[in-house]
file target.txt (compact mmCIF, C-alpha atoms)
# COMPACT_ATOMS: atom_id res chain seq x y z
CA MET A 10 -8.49 -28.19 14.75
CA GLY A 11 -9.53 -25.44 17.14
CA GLN A 12 -13.06 -24.72 18.20
CA ASP A 13 -15.14 -22.50 15.90
CA LEU A 14 -15.74 -18.95 17.10
CA PHE A 15 -18.79 -16.84 16.34
CA VAL A 16 -19.86 -13.20 16.52
CA GLY A 17 -23.19 -11.51 15.98
CA PRO A 18 -25.69 -8.95 17.24
CA SER A 19 -27.48 -9.50 20.54
CA ASP A 20 -30.47 -11.23 18.95
CA ARG A 21 -28.25 -13.58 16.87
CA PRO A 22 -24.90 -13.92 18.68
CA ASP A 23 -23.81 -16.87 16.49
CA LYS A 24 -24.72 -15.26 13.17
CA TYR A 25 -21.19 -15.13 11.76
CA ARG A 26 -18.66 -17.96 12.00
CA LEU A 27 -15.10 -16.62 11.99
CA VAL A 28 -13.06 -18.56 9.45
CA ARG A 29 -9.65 -16.87 9.37
CA LEU A 30 -7.93 -13.76 10.66
CA GLU A 31 -6.87 -11.86 7.54
CA GLY A 32 -5.18 -8.86 9.12
CA SER A 33 -4.83 -6.80 12.27
CA GLY A 34 -4.01 -3.12 12.63
CA GLY A 35 -3.97 -0.38 15.20
CA GLU A 36 -7.73 -0.10 15.60
CA ALA A 37 -9.31 -3.26 14.24
CA SER A 38 -8.83 -6.82 13.08
CA LEU A 39 -10.25 -8.16 9.83
CA TRP A 40 -11.78 -11.64 9.69
CA ARG A 41 -12.99 -13.74 6.84
CA ALA A 42 -16.30 -15.14 8.07
CA GLU A 43 -19.32 -17.13 6.90
CA VAL A 44 -23.03 -16.55 7.34
CA ASP A 45 -25.88 -18.95 6.53
CA LEU A 46 -28.36 -17.46 4.07
CA ALA A 47 -31.25 -19.45 2.57
CA GLY A 48 -29.57 -22.72 3.42
CA GLU A 49 -26.22 -21.80 1.87
CA SER A 50 -23.02 -20.42 3.38
CA GLU A 51 -21.85 -17.02 2.13
CA THR A 52 -18.44 -15.46 2.76
CA VAL A 53 -18.27 -12.00 4.33
CA ALA A 54 -15.64 -9.72 5.85
CA VAL A 55 -16.00 -8.87 9.55
CA LYS A 56 -14.06 -5.93 10.94
CA ALA A 57 -13.75 -6.20 14.74
CA LEU A 58 -12.57 -3.48 17.11
CA ARG A 59 -9.46 -4.57 18.97
CA PRO A 60 -9.99 -5.17 22.72
CA GLU A 61 -7.54 -2.46 23.80
CA HIS A 62 -9.93 0.17 22.39
CA GLN A 63 -12.89 -0.84 24.54
CA ASP A 64 -12.59 2.31 26.65
CA ASP A 65 -13.34 4.33 23.52
CA LEU A 66 -16.16 2.07 22.37
CA ALA A 67 -18.90 4.71 22.29
CA ARG A 68 -16.98 7.20 20.14
CA ILE A 69 -15.69 4.57 17.71
CA SER A 70 -19.12 2.94 17.51
CA ALA A 71 -20.65 6.26 16.47
CA ARG A 72 -18.00 6.72 13.78
CA TRP A 73 -18.39 3.18 12.45
CA ALA A 74 -22.17 3.59 12.40
CA GLU A 75 -21.82 6.78 10.36
CA GLN A 76 -19.46 5.04 7.95
CA ALA A 77 -21.86 2.13 7.53
CA GLU A 78 -24.82 4.41 6.89
CA LEU A 79 -22.84 6.50 4.44
CA LEU A 80 -21.63 3.50 2.43
CA ARG A 81 -25.15 2.12 2.19
CA PHE A 82 -25.85 4.97 -0.22
CA VAL A 83 -23.08 3.72 -2.51
CA THR A 84 -23.87 1.05 -5.08
CA HIS A 85 -20.90 0.69 -7.39
CA PRO A 86 -18.91 -2.38 -8.51
CA GLY A 87 -15.70 -0.61 -7.53
CA VAL A 88 -16.74 0.00 -3.91
CA VAL A 89 -17.16 -2.71 -1.28
CA ALA A 90 -20.72 -3.06 0.02
CA VAL A 91 -21.49 -2.77 3.74
CA ARG A 92 -23.97 -5.25 5.24
CA GLU A 93 -24.39 -4.19 8.87
CA HIS A 94 -22.82 -2.63 11.95
CA PHE A 95 -23.52 -3.86 15.48
CA GLU A 96 -22.28 -4.29 19.01
CA GLY A 97 -22.12 -7.80 20.41
CA ILE A 98 -20.18 -10.05 22.72
CA PRO A 99 -16.54 -10.89 21.91
CA PRO A 100 -15.77 -13.92 19.69
CA HIS A 101 -17.12 -17.01 21.43
CA PRO A 102 -17.89 -20.71 20.88
CA GLY A 103 -21.27 -21.47 19.39
CA GLY A 104 -24.16 -21.56 21.84
CA ALA A 105 -22.67 -19.17 24.39
CA PRO A 106 -25.44 -17.17 26.13
CA ALA A 107 -25.24 -13.57 24.99
CA ASP A 108 -27.00 -12.15 28.04
CA THR A 109 -24.30 -13.33 30.48
CA ALA A 110 -21.38 -11.53 28.80
CA THR A 111 -20.14 -8.37 30.48
CA GLU A 112 -17.79 -7.25 27.69
CA ARG A 113 -19.02 -5.72 24.47
CA ALA A 114 -17.33 -5.66 21.09
CA LEU A 115 -17.87 -3.63 17.93
CA TYR A 116 -18.26 -5.12 14.44
CA LEU A 117 -18.65 -3.91 10.87
CA VAL A 118 -19.69 -6.51 8.29
CA MET A 119 -18.95 -6.05 4.58
CA ASN A 120 -19.15 -8.17 1.47
CA TRP A 121 -16.09 -10.32 0.97
CA VAL A 122 -14.05 -9.31 -2.09
CA PRO A 123 -11.95 -12.28 -3.28
CA GLY A 124 -8.54 -11.52 -4.70
CA PRO A 125 -5.15 -10.06 -3.78
CA THR A 126 -4.59 -6.48 -2.76
CA LEU A 127 -3.00 -4.23 -5.36
CA ARG A 128 0.27 -4.56 -3.47
CA ASP A 129 0.24 -8.36 -3.78
CA TRP A 130 -1.24 -8.33 -7.28
CA LEU A 131 1.79 -6.41 -8.55
CA LEU A 132 4.06 -9.10 -7.16
CA LEU A 133 2.22 -11.55 -9.42
CA HIS A 134 2.50 -9.22 -12.44
CA PRO A 135 6.13 -8.02 -12.59
CA GLY A 136 7.87 -6.03 -15.28
CA ARG A 137 6.57 -3.69 -17.96
CA GLU A 138 3.44 -5.75 -18.58
CA GLY A 139 2.57 -5.53 -14.89
CA THR A 140 3.02 -1.77 -14.95
CA VAL A 141 0.70 -1.39 -17.93
CA ALA A 142 -1.89 -3.68 -16.34
CA GLY A 143 -1.50 -1.87 -13.00
CA LEU A 144 -2.37 1.45 -14.61
CA GLY A 145 -5.40 -0.25 -16.09
CA VAL A 146 -6.43 -1.21 -12.55
CA LEU A 147 -5.96 2.42 -11.51
CA GLU A 148 -8.31 3.55 -14.27
CA GLN A 149 -11.06 1.64 -12.46
CA VAL A 150 -10.05 3.14 -9.11
CA ALA A 151 -10.14 6.61 -10.68
CA GLU A 152 -13.66 6.01 -12.01
CA ALA A 153 -14.89 4.83 -8.59
CA LEU A 154 -13.27 7.79 -6.81
CA GLU A 155 -14.72 10.35 -9.17
CA MET A 156 -18.15 8.81 -8.69
CA LEU A 157 -17.75 9.14 -4.89
CA HIS A 158 -16.54 12.72 -5.27
CA SER A 159 -19.31 13.72 -7.68
CA GLY A 160 -22.03 14.01 -5.03
CA ARG A 161 -24.31 11.68 -6.98
CA VAL A 162 -24.29 8.99 -4.28
CA THR A 163 -25.83 10.98 -1.41
CA PRO A 164 -29.29 12.56 -1.25
CA SER A 165 -27.76 15.84 -0.08
CA GLY A 166 -25.38 15.97 -3.04
CA ARG A 167 -22.30 16.04 -0.84
CA CYS A 168 -19.29 14.07 -2.02
CA VAL A 169 -17.91 11.03 -0.23
CA VAL A 170 -14.20 10.84 0.65
CA HIS A 171 -12.44 7.49 1.03
CA GLY A 172 -9.75 8.94 3.28
CA ASP A 173 -7.21 6.09 3.28
CA LEU A 174 -6.17 5.13 -0.23
CA SER A 175 -3.25 2.70 -0.26
CA PRO A 176 -2.21 -0.45 -2.15
CA GLY A 177 -3.57 -2.54 0.72
CA ASN A 178 -7.01 -0.97 0.36
CA VAL A 179 -7.51 -1.87 -3.30
CA VAL A 180 -8.43 -5.48 -4.08
CA VAL A 181 -8.07 -6.89 -7.60
CA THR A 182 -10.49 -9.72 -8.34
CA ASP A 183 -9.81 -12.73 -10.56
CA ASP A 184 -11.36 -10.91 -13.52
CA ASP A 185 -9.08 -7.89 -12.89
CA ARG A 186 -11.82 -5.76 -11.38
CA ALA A 187 -10.55 -3.18 -8.87
CA VAL A 188 -12.57 -2.72 -5.67
CA LEU A 189 -11.98 -0.09 -2.99
CA VAL A 190 -12.13 -1.63 0.49
CA ASP A 191 -11.41 -0.62 4.09
CA PHE A 192 -13.28 2.67 4.21
CA GLY A 193 -12.07 3.24 7.76
CA GLN A 194 -11.78 7.00 7.21
CA VAL A 195 -14.74 7.46 4.86
CA ARG A 196 -16.66 10.68 5.47
CA LEU A 197 -18.61 13.45 3.82
CA SER A 198 -16.29 16.09 2.41
CA SER A 199 -17.35 18.71 4.96
CA HIS A 200 -16.20 16.57 7.87
CA GLN A 201 -12.83 16.86 9.56
CA THR A 202 -10.99 14.83 12.16
CA VAL A 203 -8.51 15.97 14.78
CA THR A 204 -7.02 12.48 14.97
CA PRO A 205 -5.66 11.60 11.52
CA ALA A 206 -5.46 7.87 10.84
CA ALA A 207 -4.10 7.02 7.42
CA THR A 208 -1.26 5.19 5.70
CA PRO A 209 2.07 7.10 5.70
CA GLY A 210 3.17 7.96 2.19
CA TYR A 211 -0.38 7.97 0.87
CA ALA A 212 -2.04 10.62 3.05
CA ALA A 213 -1.96 14.26 1.96
CA PRO A 214 -0.03 16.78 4.09
CA GLU A 215 -3.24 18.53 5.18
CA VAL A 216 -4.50 15.24 6.63
CA TRP A 217 -1.52 15.05 8.97
CA THR A 218 -1.24 18.75 9.78
CA ARG A 219 -4.88 19.86 9.93
CA GLY A 220 -6.91 16.67 9.92
CA GLU A 221 -8.62 17.72 6.68
CA TYR A 222 -10.18 14.98 4.58
CA SER A 223 -11.42 16.12 1.18
CA PRO A 224 -11.56 14.99 -2.45
CA ALA A 225 -8.22 16.76 -2.88
CA ALA A 226 -6.74 14.51 -0.18
CA ASP A 227 -8.03 11.49 -2.10
CA ARG A 228 -6.46 12.90 -5.26
CA PHE A 229 -3.12 12.99 -3.44
CA GLY A 230 -3.65 9.39 -2.34
CA PHE A 231 -4.47 8.36 -5.90
CA ALA A 232 -1.26 9.95 -7.18
CA ALA A 233 0.59 8.00 -4.50
CA LEU A 234 -1.04 4.81 -5.78
CA GLY A 235 0.08 5.72 -9.29
CA PHE A 236 3.62 6.33 -8.07
CA PHE A 237 3.57 2.93 -6.40
CA VAL A 238 2.42 1.19 -9.58
CA LEU A 239 4.98 2.97 -11.78
CA VAL A 240 7.97 2.75 -9.47
CA GLY A 241 7.16 -0.07 -7.07
CA THR A 242 7.98 1.77 -3.86
CA PRO A 243 5.76 3.98 -1.67
CA PRO A 244 6.19 7.74 -1.74
CA PRO A 245 8.10 9.27 1.19
CA ALA A 246 6.29 8.87 4.50
CA ASP A 247 7.34 12.33 5.75
CA PRO A 248 4.43 14.70 4.94
CA ASP A 249 6.65 17.80 4.81
CA ASP A 250 7.54 19.03 1.30
CA VAL A 251 6.48 15.78 -0.34
CA ALA A 252 6.98 17.07 -3.88
CA ASP A 253 10.55 18.14 -3.08
CA GLN A 254 11.28 14.74 -1.56
CA LEU A 255 9.86 12.99 -4.60
CA PHE A 256 11.86 15.21 -6.94
CA ALA A 257 15.01 13.80 -5.34
CA HIS A 258 13.65 10.27 -4.96
CA PRO A 259 16.16 7.67 -6.23
CA PHE A 260 13.70 6.06 -8.62
CA LEU A 261 12.83 9.41 -10.24
CA HIS A 262 16.46 10.44 -10.49
CA ASN A 263 16.73 9.69 -14.21
CA THR A 264 13.08 10.08 -15.18
CA PRO A 265 12.56 12.54 -18.07
CA ASP A 266 11.65 16.02 -16.85
CA ALA A 267 8.23 16.14 -18.50
CA LEU A 268 7.11 12.83 -17.03
CA ARG A 269 8.51 13.69 -13.62
CA GLU A 270 6.59 16.98 -13.57
CA ARG A 271 3.35 15.23 -14.50
CA ILE A 272 3.86 12.74 -11.68
CA LEU A 273 4.59 15.51 -9.19
CA ASP A 274 1.44 17.43 -10.15
CA GLY A 275 -0.59 14.98 -8.07
CA PHE A 276 1.44 15.74 -4.94
CA GLY A 277 1.13 19.52 -4.92
CA ALA A 278 1.08 21.33 -1.58
CA ASP A 279 -1.94 23.35 -2.76
CA PRO A 280 -4.89 20.91 -2.67
CA SER A 281 -6.85 22.97 -5.18
CA ARG A 282 -4.19 22.46 -7.86
CA ARG A 283 -4.09 18.66 -7.75
CA PRO A 284 -5.63 17.13 -10.89
CA GLY A 285 -8.50 14.68 -10.70
CA PRO A 286 -7.60 10.97 -10.78
CA ARG A 287 -8.52 10.37 -14.42
CA ALA A 288 -6.93 13.63 -15.59
CA TRP A 289 -3.71 12.81 -13.73
CA LEU A 290 -3.60 9.30 -15.15
CA GLN A 291 -4.29 10.58 -18.64
CA SER A 292 -1.46 13.09 -18.34
CA LEU A 293 0.99 10.31 -17.55
CA ARG A 294 -0.02 8.51 -20.70
CA GLY A 295 0.23 11.63 -22.81
CA GLY A 296 -3.20 11.18 -24.33
CA ALA A 297 -6.17 8.89 -24.47
CA SER A 298 -4.24 5.74 -25.33
CA THR A 299 -1.54 3.91 -23.44
CA SER A 300 1.89 5.22 -24.35
CA ALA A 301 4.79 2.79 -24.18
CA ARG A 302 7.11 5.75 -23.67
CA THR A 303 5.53 6.35 -20.26
CA PHE A 304 6.59 2.96 -19.00
CA ASP A 305 9.91 2.77 -20.81
CA ALA A 306 10.90 6.11 -19.24
CA VAL A 307 10.54 4.83 -15.68
CA PRO A 308 13.83 3.59 -14.20
CA ARG A 309 14.18 -0.16 -13.73
CA PRO A 310 14.37 -2.60 -12.01
CA ARG A 311 10.70 -2.18 -11.20
CA ALA A 312 9.80 -3.18 -7.65
CA ALA A 313 6.66 -4.22 -5.87
CA VAL A 314 5.83 -3.82 -2.22
CA THR A 315 5.15 -6.39 0.43
CA ASP A 316 4.85 -5.67 4.12
CA SER A 317 4.28 -7.18 7.52
CA ARG A 318 0.66 -6.14 7.84
CA GLY A 319 -2.32 -8.31 7.01
CA PRO A 320 -4.23 -7.65 3.81
CA ARG A 321 -6.53 -4.79 4.74
CA ASP A 322 -5.92 -2.97 7.95
CA ALA A 323 -3.82 -0.21 9.49
CA PRO A 324 -0.19 0.94 9.72
CA ARG A 325 2.59 -1.26 8.52
CA THR A 326 6.32 -1.54 7.99
CA ARG A 327 7.11 -1.81 4.30
CA VAL A 328 9.73 -3.89 2.59
CA VAL A 329 10.23 -3.36 -1.13
CA THR A 330 10.88 -6.52 -3.11
CA ALA A 331 12.63 -5.83 -6.39
CA SER A 332 12.39 -8.08 -9.42
CA PRO A 333 16.08 -8.78 -10.18
CA PRO A 334 17.59 -8.14 -13.61
CA ARG A 335 20.37 -10.32 -14.95
CA PRO A 336 23.81 -8.87 -14.14
CA PRO A 337 25.35 -6.85 -16.97
CA ALA A 338 28.46 -8.02 -18.74
CA HIS A 339 31.52 -6.09 -17.52
CA ASP A 340 34.21 -4.87 -19.89
CA ALA A 341 37.56 -3.30 -19.07
CA GLY A 342 36.17 0.20 -18.60
CA ASP A 343 33.06 -0.83 -16.72
CA VAL A 344 34.42 -0.30 -13.20
CA GLU A 345 35.53 3.25 -14.02
CA ARG A 346 32.13 4.08 -15.48
CA ARG A 347 30.35 2.67 -12.45
CA LEU A 348 32.54 4.58 -10.01
CA ALA A 349 31.97 7.82 -11.92
CA ALA A 350 28.23 7.20 -11.92
CA CYS A 351 28.27 6.79 -8.13
CA HIS A 352 28.71 10.52 -7.75
CA GLU A 353 25.45 11.25 -9.57
CA GLY A 354 23.43 10.52 -6.43
CA PRO A 355 22.00 7.81 -4.20
CA GLY A 356 19.52 6.59 -6.81
CA GLU A 357 22.16 5.81 -9.41
CA LEU A 358 24.47 4.42 -6.74
CA VAL A 359 21.97 1.92 -5.46
CA ARG A 360 20.70 0.94 -8.88
CA LEU A 361 24.25 0.20 -9.98
CA ALA A 362 25.02 -1.67 -6.77
CA LEU A 363 22.05 -3.91 -7.32
CA THR A 364 23.38 -5.00 -10.70
CA THR A 365 26.93 -5.94 -9.68
CA GLY A 366 26.28 -9.66 -9.68
CA VAL A 367 24.80 -10.12 -6.23
CA TRP A 368 21.62 -11.36 -7.89
CA GLU A 369 23.30 -14.55 -9.03
CA VAL A 370 24.87 -15.57 -5.73
CA GLU A 371 23.34 -18.89 -4.74
CA ARG A 372 20.09 -18.03 -6.60
CA SER A 373 19.22 -15.13 -4.31
CA TRP A 374 18.00 -11.56 -4.61
CA TRP A 375 17.89 -8.25 -2.78
CA THR A 376 14.84 -6.75 -1.11
CA PRO A 377 15.69 -3.05 -0.58
CA CYS A 378 13.75 -0.65 1.63
CA PHE A 379 14.58 3.04 1.22
CA SER A 380 14.20 5.07 4.42
CA GLY A 381 15.37 8.43 3.10
CA ARG A 382 18.99 8.20 4.21
CA SER A 383 19.75 4.53 3.85
CA TYR A 384 18.79 1.39 2.03
CA HIS A 385 18.13 -1.61 4.22
CA VAL A 386 18.44 -4.72 2.10
CA ARG A 387 17.84 -8.33 2.98
CA LEU A 388 19.14 -11.25 0.98
CA ARG A 389 16.59 -14.02 0.53
CA ASP A 390 16.46 -17.39 -1.16
CA ARG A 391 13.74 -18.08 -3.70
CA GLN A 392 11.47 -19.48 -1.01
CA GLY A 393 11.62 -16.15 0.81
CA HIS A 394 13.79 -17.30 3.72
CA ASP A 395 16.10 -14.60 5.11
CA TRP A 396 19.79 -15.30 4.82
CA VAL A 397 21.54 -12.07 5.72
CA ALA A 398 20.54 -8.48 6.41
CA VAL A 399 22.57 -5.68 4.81
CA GLU A 400 22.38 -1.91 5.28
CA MET A 401 23.63 0.51 2.67
CA LEU A 402 24.08 3.91 4.33
CA LEU A 403 23.83 6.95 2.08
CA ASP A 404 24.56 10.58 2.78
CA ARG A 405 23.16 13.56 0.91
CA ASP A 406 26.06 13.55 -1.55
CA GLY A 407 25.58 9.93 -2.51
CA ALA A 408 28.52 8.60 -0.53
CA SER A 409 27.88 5.24 1.05
CA ARG A 410 29.12 2.38 3.14
CA LEU A 411 27.86 -1.16 3.39
CA VAL A 412 27.17 -2.94 6.68
CA TRP A 413 25.86 -6.47 7.11
CA ALA A 414 25.07 -8.75 9.99
CA ASP A 415 26.89 -11.95 10.84
CA GLY A 416 25.48 -14.99 9.14
CA ALA A 417 26.74 -14.68 5.59
CA GLY A 418 29.38 -17.21 4.78
CA GLY A 419 31.50 -18.49 1.93
CA GLU A 420 30.70 -17.08 -1.47
CA MET A 421 28.13 -14.71 0.03
CA THR A 422 30.70 -13.01 2.27
CA GLU A 423 33.15 -12.69 -0.60
CA CYS A 424 30.50 -11.08 -2.75
CA LEU A 425 29.46 -8.61 -0.04
CA GLU A 426 33.07 -7.68 0.66
CA GLU A 427 33.64 -7.08 -3.04
CA LEU A 428 30.53 -4.89 -3.20
CA ALA A 429 31.66 -2.95 -0.11
CA ASP A 430 35.08 -2.35 -1.68
CA TRP A 431 33.42 -1.21 -4.89
CA LEU A 432 31.26 1.29 -3.00
CA ALA A 433 34.07 2.65 -0.79
CA PRO A 434 35.59 5.10 -3.34
CA CYS A 435 32.16 6.71 -3.80
call {"tool": "encode", "arguments": {"input": "target.txt", "output": "structure tokens"}}
result
Amino acid sequence: MGQDLFVGPSDRPDKYRLVRLEGSGGEASLWRAEVDLAGESETVAVKALRPEHQDDLARISARWAEQAELLRFVTHPGVVAVREHFEGIPPHPGGAPADTATERALYLVMNWVPGPTLRDWLLLHPGREGTVAGLGVLEQVAEALEMLHSGRVTPSGRCVVHGDLSPGNVVVTDDDRAVLVDFGQVRLSSHQTVTPAATPGYAAPEVWTRGEYSPAADRFGFAALGFFVLVGTPPPADPDDVADQLFAHPFLHNTPDALRERILDGFGADPSRRPGPRAWLQSLRGGASTSARTFDAVPRPRAAVTDSRGPRDAPRTRVVTASPPRPPAHDAGDVERRLAACHEGPGELVRLALTTGVWEVERSWWTPCFSGRSYHVRLRDRQGHDWVAVEMLLDRDGASRLVWADGAGGEMTECLEELADWLAPC
């Protein structure tokens, strides 16, 4: 076992023992840590500035200090609590003299929130029941956001903006309580930034183009969370004409018009016209109570997102893991119907391709990732080991071709070749 490492302010350099690195992003790393309080060990989260940003320490320190002070005004079960912010020496073995270190590091300490992120929680709750429960989680997020936006949490009455809503920044506890974490872009609504830093697909267009963070930008991010819960894939990362991109999104291709319009309301280009989180969520349900029609109208298979980033920090590359349906039974006219359906667009094409029987090959499944013009899919075994990577290239008319890397053999190759032949006439 390696030597324990510690961090802390200058007067207590060994205050926090680093237990495990939970995630690392462009600006900071997130550690699970422990602190001794009244003779007992308590778990906390320690956000540490990455060493490559030391040249910008003063500016980032001022921003983190402002964030910490701002969040100290917030006392709400749906918002993570901040404990302290300090500069100290880099992670070090216990007992290292703090006054001999020449390098300085920046830290933000928050309460530890046990539980998976919303992204991982949905993997544990697949299918229609997971969608219903996921929207229940979003009800709590909506309540926390509207409290932040209300102005009731600051003495001046100004509203607080989260600034980086994403599935990785919502933690679901064991008792299904949703907590907003990673307030890396939190600010008062009157503030702006010329250096946007948010999660692609979840940040409003005005964040990318004008660096404007506002409650309306959070409302966009909340709609993106709702889209993720309903559909299982992030909204398009390109901030230009998001609503138009979503209108043509494969997983909304066959969604009823009324439901699709209600979903798109949250992504409007005019920030002033985006509904509040609870109003938007209520509109999806068609009233005060949960409507089964809302969930039954969403195309399946439902997918949930995993990615290569740690639980709570910074940009990431997403891979969408779909829960596989059983292959349909094929009758004599099935091939003709499937080929005709190919011409309806990329969404129908891919959804049909994923139900051609590939699911059952050697107990495997697809993990598709839509990039806008192609689906990159990776075949995995049930332990998650990669077997073969496949790319399904789509053009604007829905035509496609299938490409896969060497490594598939036997029955797998035969299946892929059959799928490629099936797609060719489209």
call {"tool": "closest_residue", "arguments": {"input": "target.txt", "among": "A:Thr140, A:Ser38, A:Gln291, A:Ser281", "to": "A:Leu117", "atoms": "all atoms listed in the file"}}
result
A:Ser38
call {"tool": "atom_distance", "arguments": {"input": "target.txt", "atom1": "atom CA of A:Asn178", "atom2": "atom CA of A:Pro280"}}
result
22.2 Å
call {"tool": "residues_around", "arguments": {"input": "target.txt", "residues": "A:Val180", "least_positions_apart": "4", "cutoff": "12 Å", "atoms": "all atoms listed in the file", "output": "PyMOL selection string"}}
result
chain A and resi 86-89+121-131+143+146-147+149-150+174-176+184-191+320-321
call {"tool": "axis_aligned_box", "arguments": {"input": "target.txt", "around": "stretch 83-87 of chain A", "padding_each_side": "6 Å", "output": "lines of an AutoDock Vina configuration file"}}
result
center_x = -19.8
center_y = 0.7
center_z = -5.5
size_x = 20.2
size_y = 18.1
size_z = 18.0
call {"tool": "residues_around", "arguments": {"input": "target.txt", "residues": "A:Gly235", "least_positions_apart": "3", "cutoff": "8 Å", "atoms": "all atoms listed in the file", "output": "PyMOL selection string"}}
result
chain A and resi 144+147+231-232+238-239+290
call {"tool": "atom_distance", "arguments": {"input": "target.txt", "atom1": "atom CA of A:Leu66", "atom2": "atom CA of A:Tyr25"}}
result
20.8 Å
call {"tool": "residues_near_point", "arguments": {"input": "target.txt", "point": "(-20.6, -20.5, 10.9)", "cutoff": "7 Å", "atoms": "only C-alpha atoms", "output": "VMD selection string"}}
result
chain A and resid 15 25 to 27 43 to 44
call {"tool": "residues_around", "arguments": {"input": "target.txt", "residues": "A:Ser70", "least_positions_apart": "6", "cutoff": "10 Å", "atoms": "only C-alpha atoms", "output": "ChimeraX atom specification"}}
result
/A:58,76,94-96,114-117
call {"tool": "closest_residue", "arguments": {"input": "target.txt", "among": "A:Ala151, A:Val28, A:Ala267, A:Cys168", "to": "A:Ala288", "atoms": "all atoms listed in the file"}}
result
A:Ala151
call {"tool": "atom_distance", "arguments": {"input": "target.txt", "atom1": "atom CA of A:Arg92", "atom2": "atom CA of A:Ala77"}}
result
8.0 Å
call {"tool": "closest_residue", "arguments": {"input": "target.txt", "among": "A:Asp266, A:Ala257, A:His101, A:Glu155", "to": "A:Asp13", "atoms": "all atoms listed in the file"}}
result
A:His101
call {"tool": "residues_around", "arguments": {"input": "target.txt", "residues": "A:Arg282", "least_positions_apart": "4", "cutoff": "12 Å", "atoms": "only C-alpha atoms", "output": "compact mmCIF listing (two decimals) with C-alpha atoms, in the coordinates of the input"}}
result
# COMPACT_ATOMS: atom_id res chain seq x y z
CA PRO A 224 -11.56 14.99 -2.45
CA ALA A 225 -8.22 16.76 -2.88
CA ALA A 226 -6.74 14.51 -0.18
CA ARG A 228 -6.46 12.90 -5.26
CA PHE A 229 -3.12 12.99 -3.44
CA LEU A 273 4.59 15.51 -9.19
CA ASP A 274 1.44 17.43 -10.15
CA GLY A 275 -0.59 14.98 -8.07
CA PHE A 276 1.44 15.74 -4.94
CA GLY A 277 1.13 19.52 -4.92
CA ALA A 278 1.08 21.33 -1.58
CA TRP A 289 -3.71 12.81 -13.73
call {"tool": "closest_residue", "arguments": {"input": "target.txt", "among": "A:Ala71, A:Met156, A:Val169, A:Leu255", "to": "A:Gly285", "atoms": "all atoms listed in the file"}}
result
A:Met156
call {"tool": "residues_near_point", "arguments": {"input": "target.txt", "point": "(-8.7, -4.6, 13.7)", "cutoff": "6 Å", "atoms": "only C-alpha atoms", "output": "list in words"}}
result
Ser33, Gly34, Glu36, Ala37, Ser38, Leu39, Ala57, Leu58 and Arg59 of chain A
call {"tool": "closest_residue", "arguments": {"input": "target.txt", "among": "A:Val55, A:Val240, A:Val118, A:Ile69", "to": "A:Glu31", "atoms": "all atoms listed in the file"}}
result
A:Val55
call {"tool": "closest_residue", "arguments": {"input": "target.txt", "among": "A:Val91, A:Val16, A:Leu80, A:Leu293", "to": "A:Gly104", "atoms": "all atoms listed in the file"}}
result
A:Val16
